[in-house]
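S.K.: After the structure tokens below, expect a handful of questions from me.
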Amino acid sequence: MTAKRLTREESREQTRQRLLTAAAELFAQRGVNGTSVEQIAERAGFTRGAFYGNFDGKHELVVELLRRRTQREAEEVTALRDGVGSFSEMMDRLRAWNVERAEHLGGWLTLRTELALYALRNPEARPLVGEGEKSTRALLETSVKTELAARGVVPPADPAFLALILHALEDGLLLQRFLSPEGTGDEDVVDAVQLLMRSWTALSRSS
């Protein structure tokens, strides 16, 4: 069977994706500043000229990597909520997602940190990181409001603030899981969310 011939745009996208994948691997290993254009091109199996035929420079590549990762993370979190019938089911999905992510936690967290540092040092890239964070918090806010309403209580504080707490807690627990794994587990994030929801429910009922 003859393989389908790629169009010019499809071939270009395939090349860009290979360069982005190679860059992500190298950034996690050496950092953004410690990775050169030549190293990215070599890892992807291309020449330096092929790199510049797709990106103006490393900065444009990093911004595109940020954009795609932000979009993918938002899609993953949205998919977790798709068709969910209860908070318990959502927690089961979140638990499975965290266990699966734990298998690659080191690389994922290292790349996330590198890209965040790049955004901090390059203000023009910062909005992309911020959009991803806001999307995640918005989904958490919806989950908090839905679950507390199902329990027949009003939120003890602004749901957006409660969502911020959950998101910050997740980041902190994942960092602790990676840096100091003793006494931590892959499901700590879900257990912490459930504990907070019970606490917020009790607080609302006692007020």
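Ordering of the structure tokens sets the chain letters (A, B, ...); residue numbers start at 1 within each chain; ligands are numbered from 1 in the order shown.
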Give me, as a PyMOL selection string, the residues of chain A that a backbone DSSP run labels helix (DSSP H, G or I).
M.R.: chain A and resi 8-30+37-44+48-52+58-81+87-102+105-121+123-150+159-179+188-206
S.K.: Which polymer residues have any atom within 12 Å of an atom of stretch 19-36 of chain A, counting only C-alpha atoms, with same-chain residues fewer than 4 positions away left out, as a ChimeraX atom specification?
M.R.: /A:12-15,40-48,50-55,57-69,104-119,121
S.K.: Could you write out that same residue set with N, CA and C atoms as a tab-separated table (two decimals), in the first residue's frame?
M.R.:
chain	number	residue	atom	x	y	z
A	12	ARG	N	5.45	20.65	6.55
A	12	ARG	CA	5.98	21.74	7.36
A	12	ARG	C	5.57	21.56	8.82
A	13	GLU	N	4.31	21.19	9.04
A	13	GLU	CA	3.83	20.99	10.41
A	13	GLU	C	4.55	19.83	11.07
A	14	GLN	N	4.81	18.78	10.32
A	14	GLN	CA	5.53	17.62	10.86
A	14	GLN	C	6.95	18.02	11.28
A	15	THR	N	7.59	18.83	10.45
A	15	THR	CA	8.94	19.31	10.78
A	15	THR	C	8.92	20.18	12.04
A	40	ILE	N	19.04	21.64	19.05
A	40	ILE	CA	17.64	21.31	18.76
A	40	ILE	C	17.51	20.69	17.38
A	41	ALA	N	18.15	21.33	16.40
A	41	ALA	CA	18.08	20.82	15.03
A	41	ALA	C	18.68	19.42	14.93
A	42	GLU	N	19.82	19.22	15.59
A	42	GLU	CA	20.47	17.90	15.55
A	42	GLU	C	19.60	16.84	16.20
A	43	ARG	N	19.01	17.15	17.36
A	43	ARG	CA	18.16	16.18	18.05
A	43	ARG	C	16.95	15.81	17.18
A	44	ALA	N	16.43	16.77	16.44
A	44	ALA	CA	15.26	16.52	15.59
A	44	ALA	C	15.63	15.85	14.27
A	45	GLY	N	16.93	15.81	13.95
A	45	GLY	CA	17.36	15.18	12.71
A	45	GLY	C	17.37	16.13	11.53
A	46	PHE	N	17.51	17.43	11.80
A	46	PHE	CA	17.51	18.44	10.74
A	46	PHE	C	18.78	19.27	10.79
A	47	THR	N	18.92	20.12	9.80
A	47	THR	CA	20.05	21.04	9.76
A	47	THR	C	19.65	22.36	10.42
A	48	ARG	N	20.65	23.18	10.67
A	48	ARG	CA	20.41	24.51	11.24
A	48	ARG	C	19.52	25.32	10.29
A	50	ALA	N	17.20	24.15	8.34
A	50	ALA	CA	15.81	23.69	8.45
A	50	ALA	C	15.14	24.33	9.67
A	51	PHE	N	15.90	24.51	10.74
A	51	PHE	CA	15.34	25.18	11.92
A	51	PHE	C	14.88	26.58	11.56
A	52	TYR	N	15.78	27.35	10.92
A	52	TYR	CA	15.45	28.74	10.60
A	52	TYR	C	14.45	28.85	9.45
A	53	GLY	N	14.20	27.74	8.78
A	53	GLY	CA	13.14	27.74	7.79
A	53	GLY	C	11.77	27.63	8.42
A	54	ASN	N	11.73	27.30	9.72
A	54	ASN	CA	10.46	27.13	10.44
A	54	ASN	C	10.28	28.10	11.60
A	55	PHE	N	11.39	28.55	12.17
A	55	PHE	CA	11.32	29.49	13.29
A	55	PHE	C	12.36	30.59	13.09
A	57	GLY	N	13.90	32.07	15.39
A	57	GLY	CA	14.94	31.87	16.39
A	57	GLY	C	14.41	31.07	17.55
A	58	LYS	N	15.23	30.89	18.57
A	58	LYS	CA	14.82	30.07	19.70
A	58	LYS	C	13.64	30.70	20.45
A	59	HIS	N	13.62	32.02	20.50
A	59	HIS	CA	12.52	32.67	21.21
A	59	HIS	C	11.17	32.32	20.58
A	60	GLU	N	11.08	32.38	19.26
A	60	GLU	CA	9.82	32.05	18.60
A	60	GLU	C	9.43	30.60	18.86
A	61	LEU	N	10.42	29.71	18.88
A	61	LEU	CA	10.13	28.31	19.17
A	61	LEU	C	9.60	28.14	20.59
A	62	VAL	N	10.23	28.82	21.55
A	62	VAL	CA	9.78	28.69	22.94
A	62	VAL	C	8.35	29.20	23.09
A	63	VAL	N	8.04	30.32	22.46
A	63	VAL	CA	6.68	30.88	22.52
A	63	VAL	C	5.68	29.90	21.92
A	64	GLU	N	6.04	29.28	20.80
A	64	GLU	CA	5.14	28.31	20.17
A	64	GLU	C	4.97	27.08	21.05
A	65	LEU	N	6.05	26.65	21.69
A	65	LEU	CA	5.97	25.51	22.61
A	65	LEU	C	5.06	25.84	23.79
A	66	LEU	N	5.19	27.04	24.31
A	66	LEU	CA	4.31	27.49	25.40
A	66	LEU	C	2.85	27.49	24.95
A	67	ARG	N	2.61	28.01	23.75
A	67	ARG	CA	1.23	28.10	23.25
A	67	ARG	C	0.62	26.72	23.11
A	68	ARG	N	1.37	25.78	22.53
A	68	ARG	CA	0.83	24.44	22.30
A	68	ARG	C	0.63	23.68	23.60
A	69	ARG	N	1.56	23.83	24.53
A	69	ARG	CA	1.42	23.13	25.81
A	69	ARG	C	0.25	23.70	26.61
A	104	HIS	N	5.82	10.33	34.66
A	104	HIS	CA	6.73	11.24	33.95
A	104	HIS	C	6.85	12.58	34.70
A	105	LEU	N	6.66	12.55	36.02
A	105	LEU	CA	6.60	13.77	36.80
A	105	LEU	C	7.88	14.59	36.69
A	106	GLY	N	9.04	13.91	36.76
A	106	GLY	CA	10.30	14.64	36.72
A	106	GLY	C	10.46	15.46	35.46
A	107	GLY	N	10.26	14.85	34.31
A	107	GLY	CA	10.40	15.57	33.05
A	107	GLY	C	9.35	16.64	32.88
A	108	TRP	N	8.10	16.30	33.26
A	108	TRP	CA	7.00	17.25	33.12
A	108	TRP	C	7.23	18.48	33.99
A	109	LEU	N	7.63	18.27	35.26
A	109	LEU	CA	7.81	19.38	36.18
A	109	LEU	C	9.03	20.22	35.79
A	110	THR	N	10.09	19.56	35.33
A	110	THR	CA	11.28	20.29	34.92
A	110	THR	C	10.99	21.19	33.73
A	111	LEU	N	10.29	20.66	32.73
A	111	LEU	CA	9.96	21.47	31.56
A	111	LEU	C	9.01	22.60	31.93
A	112	ARG	N	8.03	22.30	32.76
A	112	ARG	CA	7.08	23.34	33.20
A	112	ARG	C	7.82	24.48	33.90
A	113	THR	N	8.78	24.12	34.76
A	113	THR	CA	9.54	25.12	35.49
A	113	THR	C	10.42	25.94	34.55
A	114	GLU	N	11.06	25.27	33.61
A	114	GLU	CA	11.91	25.97	32.64
A	114	GLU	C	11.10	26.97	31.82
A	115	LEU	N	9.94	26.56	31.38
A	115	LEU	CA	9.10	27.45	30.57
A	115	LEU	C	8.57	28.62	31.40
A	116	ALA	N	8.26	28.34	32.68
A	116	ALA	CA	7.80	29.41	33.56
A	116	ALA	C	8.92	30.42	33.81
A	117	LEU	N	10.14	29.93	34.01
A	117	LEU	CA	11.28	30.81	34.21
A	117	LEU	C	11.52	31.65	32.96
A	118	TYR	N	11.37	31.04	31.79
A	118	TYR	CA	11.56	31.78	30.54
A	118	TYR	C	10.53	32.90	30.44
A	119	ALA	N	9.29	32.60	30.81
A	119	ALA	CA	8.24	33.61	30.75
A	119	ALA	C	8.50	34.74	31.74
A	121	ARG	N	11.39	35.81	32.64
A	121	ARG	CA	12.51	36.61	32.13
A	121	ARG	C	12.18	37.31	30.82
S.K.: List as a PyMOL selection string the protein and nucleic acid residues near stretch 153-155 of chain A, meaning an atom at most 7 Å away when only C-alpha atoms are counted, but skip any in the same chain fewer than 6 places from it.
M.R.: chain A and resi 201+204-205
S.K.: From the options A:Ala149, A:Leu179, A:Val193, A:Ala157, which residue's atoms come nearest to A:Asp92, counting only C-alpha atoms?
M.R.: A:Val193
S.K.: Could you tell me how far atom CA of A:Ala138 lies from atom CA of A:Leu166, in Å and to one decimal?
M.R.: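 According to the coordinates, atom CA of A:Ala138 and atom CA of A:Leu166 are separated by 11.3 Å.
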S.K.: Please identify all polymer residues within 12 Å of stretch 161-165 of chain A, counting only C-alpha atoms, omitting same-chain residues fewer than 4 positions from it, and present them as a list of chain:residue names.
M.R.: A:Glu133, A:Lys134, A:Ser135, A:Thr136, A:Arg137, A:Ala138, A:Leu139, A:Leu140, A:Glu141, A:Thr142, A:Ser143, A:Val144, A:Lys145, A:Leu148, A:Pro155, A:Pro156, A:Ala157, A:Leu169, A:Glu170, A:Asp171, A:Gly172, A:Ala192, A:Val193, A:Leu196, A:Met197, A:Ser199, A:Trp200
S.K.: How would the residues just chosen look if you wrote them out with C-alpha atoms as a PDB file, in the first residue's frame?
M.R.:
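Listed below is the output, part-v2.pdb:
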ATOM      1  CA  GLU A 133      -3.228  29.129  34.508  1.00  0.00           C
ATOM      2  CA  LYS A 134      -6.483  31.076  34.180  1.00  0.00           C
ATOM      3  CA  SER A 135      -8.090  28.297  32.128  1.00  0.00           C
ATOM      4  CA  THR A 136      -7.265  25.718  34.773  1.00  0.00           C
ATOM      5  CA  ARG A 137      -8.523  27.948  37.594  1.00  0.00           C
ATOM      6  CA  ALA A 138     -11.763  28.618  35.694  1.00  0.00           C
ATOM      7  CA  LEU A 139     -12.441  24.888  35.415  1.00  0.00           C
ATOM      8  CA  LEU A 140     -11.669  24.406  39.099  1.00  0.00           C
ATOM      9  CA  GLU A 141     -13.989  27.291  39.968  1.00  0.00           C
ATOM     10  CA  THR A 142     -16.832  25.648  38.055  1.00  0.00           C
ATOM     11  CA  SER A 143     -16.161  22.346  39.830  1.00  0.00           C
ATOM     12  CA  VAL A 144     -16.173  23.992  43.262  1.00  0.00           C
ATOM     13  CA  LYS A 145     -19.451  25.825  42.630  1.00  0.00           C
ATOM     14  CA  LEU A 148     -20.937  22.834  46.844  1.00  0.00           C
ATOM     15  CA  PRO A 155     -19.229  28.704  49.031  1.00  0.00           C
ATOM     16  CA  PRO A 156     -17.552  30.021  52.218  1.00  0.00           C
ATOM     17  CA  ALA A 157     -15.571  32.463  50.033  1.00  0.00           C
ATOM     18  CA  LEU A 169      -2.019  23.481  46.431  1.00  0.00           C
ATOM     19  CA  GLU A 170      -1.669  21.154  43.454  1.00  0.00           C
ATOM     20  CA  ASP A 171       1.509  22.892  42.299  1.00  0.00           C
ATOM     21  CA  GLY A 172       2.990  22.740  45.775  1.00  0.00           C
ATOM     22  CA  ALA A 192      -6.177  17.152  49.556  1.00  0.00           C
ATOM     23  CA  VAL A 193      -8.992  18.366  47.273  1.00  0.00           C
ATOM     24  CA  LEU A 196     -10.781  20.812  51.479  1.00  0.00           C
ATOM     25  CA  MET A 197     -14.222  20.229  49.981  1.00  0.00           C
ATOM     26  CA  SER A 199     -13.890  21.378  55.240  1.00  0.00           C
ATOM     27  CA  TRP A 200     -15.549  24.066  53.114  1.00  0.00           C
TER      28      TRP A 200
END
S.K.: Could you name the residues that touch A:Thr70 at 8 Å or less, counting only C-alpha atoms, but leaving out those on the same chain fewer than 3 positions away, as a list of chain:residue names?
M.R.: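 So, after excluding close chain neighbours, the residues are A:Leu66, A:Arg67, A:Glu73, A:Ala74, A:Leu128, A:Val129, A:Glu131, A:Gly132.
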